[in-house]
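A.B. asks: So I've got this file, upload.cif, and it contains mmCIF, C-alpha atoms:
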```cif
data_run
#
loop_
_atom_site.label_atom_id
_atom_site.label_comp_id
_atom_site.auth_asym_id
_atom_site.auth_seq_id
_atom_site.Cartn_x
_atom_site.Cartn_y
_atom_site.Cartn_z
CA MET A 1 0.00 0.00 0.00
CA SER A 2 1.39 3.41 -0.85
CA LEU A 3 0.36 6.55 0.98
CA LYS A 4 -0.73 9.53 -1.07
CA PRO A 5 1.95 12.22 -0.71
CA ASP A 6 0.86 15.30 1.24
CA GLY A 7 2.06 18.88 0.96
CA TYR A 8 3.84 18.88 4.32
CA SER A 9 6.07 15.90 3.59
CA VAL A 10 7.03 17.25 0.17
CA LEU A 11 7.78 20.67 1.69
CA SER A 12 10.02 18.99 4.26
CA ARG A 13 11.92 17.24 1.49
CA LEU A 14 12.32 20.46 -0.50
CA ALA A 15 13.56 22.28 2.61
CA ALA A 16 15.91 19.49 3.66
CA ARG A 17 17.47 19.34 0.23
CA ALA A 18 18.16 23.08 0.43
CA GLY A 19 19.42 22.84 4.02
CA ALA A 20 16.54 24.99 5.28
CA ARG A 21 14.02 24.54 8.06
CA THR A 22 10.24 24.74 7.93
CA ARG A 23 8.07 26.87 10.19
CA GLY A 24 4.51 27.99 10.69
CA ALA A 25 2.75 30.22 8.15
CA ASN A 26 -0.66 31.72 7.55
CA LEU A 27 -1.06 32.26 3.80
CA ALA A 28 -4.37 32.58 1.97
CA VAL A 29 -4.36 31.80 -1.75
CA GLU A 30 -7.23 32.48 -4.11
CA GLY A 31 -9.34 29.49 -4.95
CA VAL A 32 -7.78 27.34 -2.24
CA PRO A 33 -10.08 26.78 0.75
CA ASP A 34 -7.36 25.60 3.14
CA TRP A 35 -4.73 28.01 4.41
CA PHE A 36 -1.08 27.24 3.77
CA ASP A 37 0.23 26.81 7.29
CA ARG A 38 3.82 25.62 6.80
CA ARG A 39 6.58 27.50 5.10
CA SER A 40 10.24 27.30 4.16
CA THR A 41 12.45 29.95 2.58
CA PHE A 42 15.66 29.04 0.80
CA LYS A 43 17.74 29.79 -2.26
CA VAL A 44 18.21 27.66 -5.33
CA ASP A 45 21.16 28.74 -7.47
CA GLY A 46 20.79 32.30 -6.25
CA LEU A 47 17.00 32.54 -6.65
CA ARG A 48 14.92 33.03 -3.50
CA VAL A 49 12.16 30.48 -3.04
CA ASP A 50 9.30 30.81 -0.58
CA ALA A 51 7.61 27.42 -0.41
CA TYR A 52 4.30 26.97 1.43
CA ALA A 53 2.30 23.83 2.10
CA ASN A 54 -1.02 22.68 3.37
CA HIS A 55 -2.20 19.11 3.54
CA SER A 56 -3.10 18.78 -0.12
CA LEU A 57 -1.16 21.48 -2.00
CA LEU A 58 2.08 23.38 -2.30
CA CYS A 59 2.43 27.04 -3.18
CA LEU A 60 5.86 27.81 -4.56
CA MET A 61 7.04 31.37 -5.04
CA VAL A 62 10.25 31.99 -6.95
CA SER A 63 11.72 35.48 -7.09
CA CYS A 64 13.45 36.35 -10.35
CA ASP A 65 13.87 39.18 -12.84
CA SER A 66 10.64 38.44 -14.68
CA GLY A 67 9.15 41.38 -16.51
CA VAL A 68 5.99 39.63 -17.73
CA LEU A 69 2.53 38.89 -16.35
CA PHE A 70 0.34 35.90 -17.22
CA SER A 71 -1.36 32.91 -15.65
CA THR A 72 -2.11 29.41 -16.85
CA PRO A 73 -4.24 27.32 -17.18
CA ARG A 74 -6.71 29.66 -15.44
CA LYS A 75 -7.27 33.30 -14.64
CA SER A 76 -5.69 34.78 -11.54
CA VAL A 77 -8.17 37.08 -9.85
CA THR A 78 -5.59 38.53 -7.46
CA MET A 79 -3.27 39.46 -10.33
CA ASN A 80 -6.12 40.44 -12.63
CA THR A 81 -5.16 38.22 -15.55
CA ARG A 82 -8.61 37.94 -17.12
CA GLN A 83 -7.91 38.19 -20.83
CA LEU A 84 -7.58 34.87 -22.64
CA LEU A 85 -4.53 35.13 -24.89
CA GLY A 86 -4.86 31.65 -26.40
CA GLN A 87 -3.31 28.28 -25.83
CA VAL A 88 0.35 27.62 -25.25
CA ALA A 89 1.62 24.08 -24.73
CA GLY A 90 -1.98 22.96 -24.87
CA ARG A 91 -3.08 25.09 -21.92
CA ASP A 92 -5.04 28.34 -21.76
CA VAL A 93 -2.92 31.40 -21.03
CA TYR A 94 -4.46 34.53 -19.53
CA VAL A 95 -2.91 37.98 -19.59
CA SER A 96 -3.71 41.41 -18.14
CA GLU A 97 -6.67 43.03 -19.84
CA LEU A 98 -4.94 46.34 -19.14
CA GLY A 99 -1.99 45.23 -21.26
CA LEU A 100 0.39 45.25 -18.29
CA ALA A 101 3.72 43.45 -18.72
CA SER A 102 2.62 41.55 -21.81
CA PRO A 103 4.41 38.21 -22.35
CA LEU A 104 4.12 38.64 -26.13
CA PRO A 105 5.92 37.62 -28.27
CA TRP A 106 8.13 35.63 -25.87
CA ILE A 107 5.32 33.31 -24.75
CA TYR A 108 5.24 31.72 -28.22
CA SER A 109 9.00 31.15 -28.35
CA ARG A 110 10.28 27.60 -28.33
CA ALA A 111 11.89 28.03 -24.93
CA ALA A 112 8.64 29.28 -23.40
CA VAL A 113 6.53 26.53 -24.94
CA GLU A 114 8.95 23.82 -23.88
CA GLY A 115 9.25 25.30 -20.42
CA LEU A 116 5.48 25.32 -19.93
CA GLU A 117 5.18 21.82 -21.36
CA SER A 118 7.77 20.57 -18.90
CA LEU A 119 5.63 21.73 -15.98
CA ALA A 120 2.66 19.63 -17.14
CA LEU A 121 0.21 21.72 -15.14
CA GLY A 122 -3.01 20.00 -14.13
CA ASP A 123 -6.44 21.59 -14.37
CA ASP A 124 -6.51 22.21 -10.64
CA GLU A 125 -3.06 23.79 -10.56
CA LEU A 126 -2.20 27.41 -11.28
CA LEU A 127 0.97 29.09 -12.46
CA THR A 128 1.03 32.86 -12.16
CA VAL A 129 4.01 34.68 -13.58
CA THR A 130 4.30 38.25 -12.31
CA VAL A 131 6.78 41.06 -12.55
CA GLY A 132 9.59 40.02 -10.24
CA GLY A 133 8.76 36.35 -9.89
CA LEU A 134 6.35 33.49 -10.30
CA ASP A 135 4.18 31.42 -8.05
CA ALA A 136 2.69 28.03 -8.63
CA VAL A 137 -0.01 26.17 -6.76
CA MET A 138 0.78 22.51 -7.36
CA ARG A 139 -0.32 19.12 -6.20
CA PRO A 140 2.28 17.13 -4.27
CA GLU A 141 3.57 13.98 -5.89
CA ASP A 142 5.90 11.26 -4.82
CA GLY A 143 8.97 13.07 -3.42
CA ASP A 144 11.49 12.43 -6.19
CA SER A 145 9.16 13.27 -9.05
CA PHE A 146 8.04 16.45 -7.31
CA LEU A 147 11.63 17.54 -6.70
CA ALA A 148 12.30 17.13 -10.41
CA ARG A 149 9.18 19.12 -11.23
CA PHE A 150 10.20 21.82 -8.78
CA ASP A 151 13.59 22.03 -10.50
CA ARG A 152 11.82 22.51 -13.83
CA LEU A 153 9.79 25.32 -12.28
CA VAL A 154 12.97 27.06 -11.14
CA SER A 155 14.48 26.54 -14.61
CA PHE A 156 11.38 28.13 -16.10
CA ALA A 157 11.78 31.13 -13.77
CA ARG A 158 15.28 31.59 -15.15
CA ILE A 159 14.18 31.90 -18.78
CA LEU A 160 11.45 34.48 -18.19
CA PRO A 161 12.16 37.73 -20.04
CA ALA A 162 13.74 40.23 -17.70
CA GLU A 163 12.12 43.39 -16.45
CA ALA A 164 13.34 46.60 -18.00
CA GLU A 165 15.24 48.52 -15.36
CA THR A 166 12.66 51.02 -14.20
CA LYS A 167 13.52 51.41 -10.54
CA ALA A 168 14.39 55.02 -9.95
CA PRO A 169 16.73 55.65 -7.02
CA LEU A 170 15.38 57.63 -4.09
CA ASN A 171 15.99 61.32 -4.60
CA ALA A 172 16.94 63.13 -1.40
CA GLN A 173 16.06 66.49 -2.96
CA LYS A 174 12.41 65.49 -3.14
CA LEU A 175 12.30 64.92 0.61
CA PRO A 176 11.61 67.46 3.34
CA ALA A 177 14.93 68.45 4.94
CA GLU A 178 14.03 66.87 8.28
CA LEU A 179 13.45 63.45 6.69
CA ARG A 180 16.59 63.28 4.55
CA GLU A 181 18.81 61.87 7.25
CA LEU A 182 16.51 58.83 7.43
CA LEU A 183 17.34 57.78 3.87
CA PRO A 184 19.97 55.15 4.79
CA LEU A 185 17.43 53.50 7.11
CA VAL A 186 14.64 53.80 4.55
CA VAL A 187 16.72 51.97 1.96
CA ILE A 188 17.04 49.02 4.35
CA TRP A 189 13.66 48.92 6.09
CA GLY A 190 11.28 50.50 3.58
CA LEU A 191 10.10 47.25 2.01
CA SER A 192 6.56 47.32 0.66
CA ASP A 193 6.11 43.53 0.69
CA ASP A 194 4.60 42.89 4.13
CA GLN A 195 6.12 39.43 4.45
CA GLU A 196 9.62 40.53 3.45
CA ARG A 197 9.44 43.41 5.91
CA SER A 198 8.17 41.11 8.65
CA ASP A 199 10.94 38.62 7.98
CA LEU A 200 13.55 41.36 8.14
CA ILE A 201 12.22 42.62 11.48
CA GLU A 202 11.96 39.12 12.88
CA ARG A 203 15.57 38.36 11.96
CA ALA A 204 16.95 41.67 13.29
CA ASP A 205 18.53 41.76 16.73
CA ASP A 206 17.22 43.98 19.52
CA ALA A 207 19.88 46.66 18.99
CA ALA A 208 19.00 47.10 15.31
CA LEU A 209 15.30 47.33 16.11
CA ARG A 210 15.90 49.81 18.93
CA GLY A 211 18.01 51.96 16.58
CA LEU A 212 15.23 51.90 14.00
CA VAL A 213 12.57 52.83 16.54
CA GLU A 214 14.64 55.55 18.20
CA ARG A 215 15.40 57.31 14.94
CA GLY A 216 12.07 56.71 13.24
CA ARG A 217 9.45 57.09 15.94
CA THR A 218 9.75 60.85 16.42
CA ARG A 219 9.40 61.39 12.66
CA LEU A 220 6.24 59.37 12.10
CA THR A 221 3.96 62.38 12.22
CA ARG A 222 6.19 64.24 9.78
CA ILE A 223 6.26 61.21 7.47
CA ASP A 224 2.47 61.07 7.54
CA GLU A 225 2.37 64.76 6.56
CA PHE A 226 4.86 64.11 3.77
CA LEU A 227 2.76 61.26 2.43
CA ARG A 228 -0.20 63.64 2.16
CA GLU A 229 1.63 66.56 0.58
CA PRO A 230 -0.30 67.58 -2.51
CA GLY A 231 2.78 68.27 -4.65
CA MET A 232 4.20 64.74 -4.40
CA PRO A 233 3.10 62.21 -7.03
CA LYS A 234 1.49 59.30 -5.19
CA ASP A 235 3.44 56.75 -7.19
CA SER A 236 6.86 58.29 -6.53
CA PRO A 237 9.40 55.87 -5.02
CA GLU A 238 9.99 58.34 -2.18
CA ILE A 239 6.34 58.15 -1.10
CA GLY A 240 6.20 54.36 -1.37
CA ARG A 241 9.42 53.71 0.51
CA PHE A 242 8.72 56.17 3.32
CA ASP A 243 5.26 54.72 3.80
CA SER A 244 6.76 51.25 4.17
CA PHE A 245 9.48 52.61 6.42
CA ALA A 246 6.89 54.12 8.76
CA GLN A 247 5.19 50.75 9.00
CA ALA A 248 8.55 49.11 9.73
CA VAL A 249 9.14 51.53 12.62
CA MET A 250 5.73 50.75 14.14
CA GLU A 251 6.17 47.02 13.59
CA ALA A 252 9.66 47.07 15.11
CA GLU A 253 8.23 48.72 18.20
CA GLN A 254 5.65 45.94 18.48
CA GLU A 255 8.30 43.29 17.93
CA LEU A 256 10.44 44.71 20.75
CA ARG A 257 7.39 44.70 23.02
CA ARG A 258 6.64 41.10 22.08
CA ARG A 259 10.22 40.02 22.78
CA ALA A 260 10.18 41.77 26.15
CA LYS A 261 7.07 39.77 27.13
CA SER A 262 8.41 36.41 26.03
CA MET B 1 -37.77 42.65 -8.92
CA GLU B 2 -39.89 44.13 -6.16
CA GLU B 3 -40.28 47.86 -6.03
CA GLY B 4 -37.89 49.40 -3.54
CA THR B 5 -35.37 46.60 -3.78
CA THR B 6 -31.86 47.93 -3.41
CA ILE B 7 -29.23 46.63 -5.80
CA ARG B 8 -25.93 46.33 -3.96
CA GLU B 9 -22.70 45.83 -5.81
CA ASP B 10 -20.97 42.60 -4.94
CA ILE B 11 -17.60 44.05 -3.94
CA CYS B 12 -16.01 40.60 -4.14
CA SER B 13 -17.17 39.87 -7.68
CA GLU B 14 -14.47 39.36 -10.27
CA SER B 15 -15.53 42.44 -12.22
CA ALA B 16 -15.58 44.61 -9.09
CA ILE B 17 -12.08 43.43 -8.18
CA ALA B 18 -10.91 44.05 -11.75
CA GLY B 19 -12.28 47.59 -11.57
CA ARG B 20 -10.37 48.31 -8.38
CA TYR B 21 -7.20 46.83 -9.83
CA ALA B 22 -7.53 48.96 -12.96
CA LYS B 23 -7.83 52.07 -10.82
CA ALA B 24 -4.82 51.05 -8.76
CA ALA B 25 -2.78 50.39 -11.90
CA GLU B 26 -3.64 53.86 -13.11
CA GLN B 27 -2.41 55.42 -9.85
CA TYR B 28 0.59 53.21 -9.18
CA GLY B 29 1.60 52.01 -12.62
CA ALA B 30 5.20 51.30 -11.63
CA LYS B 31 4.01 48.71 -9.11
CA ALA B 32 1.27 47.05 -11.15
CA GLY B 33 1.88 43.47 -12.26
CA ARG B 34 4.12 42.70 -9.30
CA ARG B 35 2.86 40.50 -6.48
CA GLU B 36 3.35 41.50 -2.86
CA ALA B 37 2.42 39.83 0.38
CA HIS B 38 -0.30 41.72 2.22
CA HIS B 39 -1.00 41.40 5.94
CA ILE B 40 -4.76 41.01 6.04
CA VAL B 41 -4.77 42.68 9.47
CA PRO B 42 -1.90 45.20 9.26
CA LYS B 43 0.69 44.74 11.96
CA PHE B 44 0.96 48.48 12.57
CA LEU B 45 -2.69 48.32 13.65
CA GLY B 46 -1.93 45.60 16.15
CA GLY B 47 -2.35 42.61 13.85
CA PRO B 48 -0.60 39.50 15.20
CA ALA B 49 3.03 38.89 14.28
CA ASP B 50 2.11 35.61 12.60
CA GLY B 51 -1.15 36.97 11.19
CA PRO B 52 -2.64 35.91 7.87
CA THR B 53 -1.16 37.10 4.59
CA SER B 54 -2.26 37.00 0.99
CA GLY B 55 -0.39 37.71 -2.24
CA ILE B 56 -1.96 40.56 -4.19
CA ASP B 57 -1.04 43.00 -6.93
CA ALA B 58 1.43 45.56 -5.57
CA ALA B 59 -0.44 48.57 -6.96
CA TYR B 60 -3.64 47.43 -5.27
CA HIS B 61 -1.64 46.73 -2.11
CA GLN B 62 -0.47 50.35 -2.09
CA GLN B 63 -4.04 51.53 -2.49
CA ILE B 64 -5.20 49.40 0.45
CA THR B 65 -2.26 50.57 2.56
CA ASN B 66 -3.16 54.19 1.86
CA ALA B 67 -6.79 53.56 2.79
CA PHE B 68 -5.75 51.96 6.09
CA ARG B 69 -3.39 54.82 6.84
CA GLU B 70 -6.07 57.42 6.11
CA ALA B 71 -8.62 55.59 8.25
CA ALA B 72 -6.16 55.13 11.11
CA THR B 73 -4.59 58.58 11.24
CA SER B 74 -7.98 60.28 10.97
CA ARG B 75 -8.77 58.56 14.29
CA GLY B 76 -5.41 59.55 15.79
CA ILE B 77 -4.08 56.00 15.48
CA GLY B 78 -0.63 54.97 14.27
CA TYR B 79 2.03 57.15 12.54
CA GLY B 80 2.94 58.82 15.83
CA GLY B 81 -0.56 58.53 17.25
CA ARG B 82 -2.14 55.96 19.54
CA VAL B 83 -0.90 52.37 19.29
CA LEU B 84 -3.67 49.78 19.12
CA ASP B 85 -3.63 46.63 21.22
CA PRO B 86 -6.77 44.92 19.89
CA LEU B 87 -6.03 41.53 21.43
CA ASN B 88 -6.07 43.00 24.94
CA SER B 89 -8.50 45.89 24.63
CA ALA B 90 -12.11 45.68 23.48
CA SER B 91 -12.24 49.35 22.51
CA ASP B 92 -9.04 48.96 20.46
CA MET B 93 -10.65 45.97 18.77
CA LEU B 94 -13.65 48.12 17.86
CA ASP B 95 -11.30 50.79 16.48
CA LEU B 96 -9.51 48.15 14.43
CA ILE B 97 -12.75 46.80 13.01
CA ALA B 98 -13.87 50.32 12.11
CA ILE B 99 -10.59 50.93 10.25
CA LEU B 100 -10.74 47.63 8.38
CA GLN B 101 -14.29 48.39 7.24
#
```
Mind turning the file's structure into structure tokens?
C.D. replies:
Amino acid sequence: MSLKPDGYSVLSRLAARAGARTRGANLAVEGVPDWFDRRSTFKVDGLRVDAYANHSLLCLMVSCDSGVLFSTPRKSVTMNTRQLLGQVAGRDVYVSELGLASPLPWIYSRAAVEGLESLALGDDELLTVTVGGLDAVMRPEDGDSFLARFDRLVSFARILPAEAETKAPLNAQKLPAELRELLPLVVIWGLSDDQERSDLIERADDAALRGLVERGRTRLTRIDEFLREPGMPKDSPEIGRFDSFAQAVMEAEQELRRRAKS
Amino acid sequence: MEEGTTIREDICSESAIAGRYAKAAEQYGAKAGRREAHHIVPKFLGGPADGPTSGIDAAYHQQITNAFREAATSRGIGYGGRVLDPLNSASDMLDLIAILQ
């Protein structure tokens, strides 16, 4: 009798192979009724992988330089890929109806078609390729065959067309004078991805968190004013990073309080 | 349909979500198409350290973050204002619920 593989055991194998540990998580994924409650973060050949599991599924997130947006074989509501492009490797491919980060013409290249074929996605699985990475909700299989499939997923992440370099550096001249001295801290702590910011705070030692809180706390009101200033474009990197920085300061304060209690 | 029946938009419908995403992409074009993890109950509002997250479009995430900030600071909460402790205070929990709505 063979036991059906479950997400947790496959996650443990993935983590062990990468020399990483697993820990608790609390991730909701569209279309999946059960939360993903185990997690492991590791690197594969320089690419960061965040792997999540529940009993019946794995959710694998690979960070890479992707500059394209599509999902297959279904729409992704949370990434708003609602426009059917057509079939690639025998599976429906959906793209942004706003024309964001179009995968054309690359998606029809031989490398793309072969890469998608190699993943052999089932009807109940979902691959979403976004700017900056991909994530795949996949069914666990027998350990060895899943590891091979995971490797093919990472290989696919590597061949995605790269994002054009659009990240503008933070411009100190656009900042109020009293906030400029925070720039070095903002570069480190001003991460807009809530999980990445949380991870950074969790890993930081008490001294680093205290330094962040001491320098940032007294400026929170001024940062809030800056974020509301009518002259600043809402989508400027300065606004985005300072907003995330303010959250990091408040979260660091909570983390210090939590550590003091435990 | 009976007279006087109110038609309420289903804010969770696919088309309603798409409309909000389109608006977010218009405002924060540089972020659109990227996925970011979102704390469903923001930690700066007292959400638990290991609270639930969900991956959403980064432009939409920014829009939600702004809405939370507006709702919080208008009540004198966060960003230098009062710090919520909703797990230990019923009134803070009510404030949190009001902000999330």
A.B. asks: Exactly which residues make up the result of the PyMOL selection byres ((chain B) within 8 of (chain A)) on this file, given as a PyMOL selection string?
C.D. replies: chain B and resi 14+17-18+21-22+27-30+32-39+43-44+46+49-57+62+78-81
A.B. asks: Keeping C-alpha atoms, export the residues of the selection given above as a PDB file, in the frame of the given file.
C.D. replies:
```
ATOM      1  CA  GLU B  14     -14.470  39.360 -10.270  1.00  0.00           C
ATOM      2  CA  ILE B  17     -12.080  43.430  -8.180  1.00  0.00           C
ATOM      3  CA  ALA B  18     -10.910  44.050 -11.750  1.00  0.00           C
ATOM      4  CA  TYR B  21      -7.200  46.830  -9.830  1.00  0.00           C
ATOM      5  CA  ALA B  22      -7.530  48.960 -12.960  1.00  0.00           C
ATOM      6  CA  GLN B  27      -2.410  55.420  -9.850  1.00  0.00           C
ATOM      7  CA  TYR B  28       0.590  53.210  -9.180  1.00  0.00           C
ATOM      8  CA  GLY B  29       1.600  52.010 -12.620  1.00  0.00           C
ATOM      9  CA  ALA B  30       5.200  51.300 -11.630  1.00  0.00           C
ATOM     10  CA  ALA B  32       1.270  47.050 -11.150  1.00  0.00           C
ATOM     11  CA  GLY B  33       1.880  43.470 -12.260  1.00  0.00           C
ATOM     12  CA  ARG B  34       4.120  42.700  -9.300  1.00  0.00           C
ATOM     13  CA  ARG B  35       2.860  40.500  -6.480  1.00  0.00           C
ATOM     14  CA  GLU B  36       3.350  41.500  -2.860  1.00  0.00           C
ATOM     15  CA  ALA B  37       2.420  39.830   0.380  1.00  0.00           C
ATOM     16  CA  HIS B  38      -0.300  41.720   2.220  1.00  0.00           C
ATOM     17  CA  HIS B  39      -1.000  41.400   5.940  1.00  0.00           C
ATOM     18  CA  LYS B  43       0.690  44.740  11.960  1.00  0.00           C
ATOM     19  CA  PHE B  44       0.960  48.480  12.570  1.00  0.00           C
ATOM     20  CA  GLY B  46      -1.930  45.600  16.150  1.00  0.00           C
ATOM     21  CA  ALA B  49       3.030  38.890  14.280  1.00  0.00           C
ATOM     22  CA  ASP B  50       2.110  35.610  12.600  1.00  0.00           C
ATOM     23  CA  GLY B  51      -1.150  36.970  11.190  1.00  0.00           C
ATOM     24  CA  PRO B  52      -2.640  35.910   7.870  1.00  0.00           C
ATOM     25  CA  THR B  53      -1.160  37.100   4.590  1.00  0.00           C
ATOM     26  CA  SER B  54      -2.260  37.000   0.990  1.00  0.00           C
ATOM     27  CA  GLY B  55      -0.390  37.710  -2.240  1.00  0.00           C
ATOM     28  CA  ILE B  56      -1.960  40.560  -4.190  1.00  0.00           C
ATOM     29  CA  ASP B  57      -1.040  43.000  -6.930  1.00  0.00           C
ATOM     30  CA  GLN B  62      -0.470  50.350  -2.090  1.00  0.00           C
ATOM     31  CA  GLY B  78      -0.630  54.970  14.270  1.00  0.00           C
ATOM     32  CA  TYR B  79       2.030  57.150  12.540  1.00  0.00           C
ATOM     33  CA  GLY B  80       2.940  58.820  15.830  1.00  0.00           C
ATOM     34  CA  GLY B  81      -0.560  58.530  17.250  1.00  0.00           C
TER      35      GLY B  81
END
```
A.B. asks: Please write as a PyMOL selection string the full residue list that the PyMOL selection byres ((chain A and resi 139) around 8) yields on this file.
C.D. replies: chain A and resi 7+56-58+125+137-138+140-141
A.B. asks: Which residue, A:Gly211, A:Pro161, A:Glu117, A:Met61, has the smallest gap to Leu104 of chain A when you use all atoms listed in the file?
C.D. replies: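 Looking at the shortest contact to Leu104 of chain A, the residue is A:Pro161.
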A.B. asks: On this structure, which residues satisfy the PyMOL selection byres ((chain B and resi 92) around 12), written as a ChimeraX atom specification?
C.D. replies: /B:45-47,72,75,77,82-91,93-99
A.B. asks: Just write the chosen residues, C-alpha atoms, as an mmCIF file, in the frame of the given file.
C.D. replies:
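result.cif written:
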```cif
data_model
loop_
_atom_site.group_PDB
_atom_site.id
_atom_site.type_symbol
_atom_site.label_atom_id
_atom_site.label_comp_id
_atom_site.auth_asym_id
_atom_site.auth_seq_id
_atom_site.Cartn_x
_atom_site.Cartn_y
_atom_site.Cartn_z
ATOM 1 C CA LEU B 45 -2.690 48.320 13.650
ATOM 2 C CA GLY B 46 -1.930 45.600 16.150
ATOM 3 C CA GLY B 47 -2.350 42.610 13.850
ATOM 4 C CA ALA B 72 -6.160 55.130 11.110
ATOM 5 C CA ARG B 75 -8.770 58.560 14.290
ATOM 6 C CA ILE B 77 -4.080 56.000 15.480
ATOM 7 C CA ARG B 82 -2.140 55.960 19.540
ATOM 8 C CA VAL B 83 -0.900 52.370 19.290
ATOM 9 C CA LEU B 84 -3.670 49.780 19.120
ATOM 10 C CA ASP B 85 -3.630 46.630 21.220
ATOM 11 C CA PRO B 86 -6.770 44.920 19.890
ATOM 12 C CA LEU B 87 -6.030 41.530 21.430
ATOM 13 C CA ASN B 88 -6.070 43.000 24.940
ATOM 14 C CA SER B 89 -8.500 45.890 24.630
ATOM 15 C CA ALA B 90 -12.110 45.680 23.480
ATOM 16 C CA SER B 91 -12.240 49.350 22.510
ATOM 17 C CA MET B 93 -10.650 45.970 18.770
ATOM 18 C CA LEU B 94 -13.650 48.120 17.860
ATOM 19 C CA ASP B 95 -11.300 50.790 16.480
ATOM 20 C CA LEU B 96 -9.510 48.150 14.430
ATOM 21 C CA ILE B 97 -12.750 46.800 13.010
ATOM 22 C CA ALA B 98 -13.870 50.320 12.110
ATOM 23 C CA ILE B 99 -10.590 50.930 10.250
#
```
A.B. asks: What does the structure give for the distance between atom CA of Arg210 of chain A and atom CA of Ile40 of chain B, in Å to one decimal?
C.D. replies: 25.9 Å
A.B. asks: Might you pull out every residue within 10 Å of Ile188 of chain A, with only C-alpha atoms counted and same-chain residues fewer than 2 positions away left off, and present them as an MDAnalysis selection string?
C.D. replies: chainID A and resid 183:186 190:191 197 200 241 245
A.B. asks: One decimal, in Å: what's the spacing between atom CA of Gly115 of chain A and atom CA of Ala89 of chain A?
C.D. replies: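 Distance reported for this atom pair: 8.8 Å.
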A.B. asks: Could you work out how far atom CA of Ser13 of chain B lies from atom CA of Thr72 of chain A, giving the answer in Å with one decimal?
C.D. replies: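 Computed distance, atom CA of Thr72 of chain A to atom CA of Ser13 of chain B, equals 20.5 Å.
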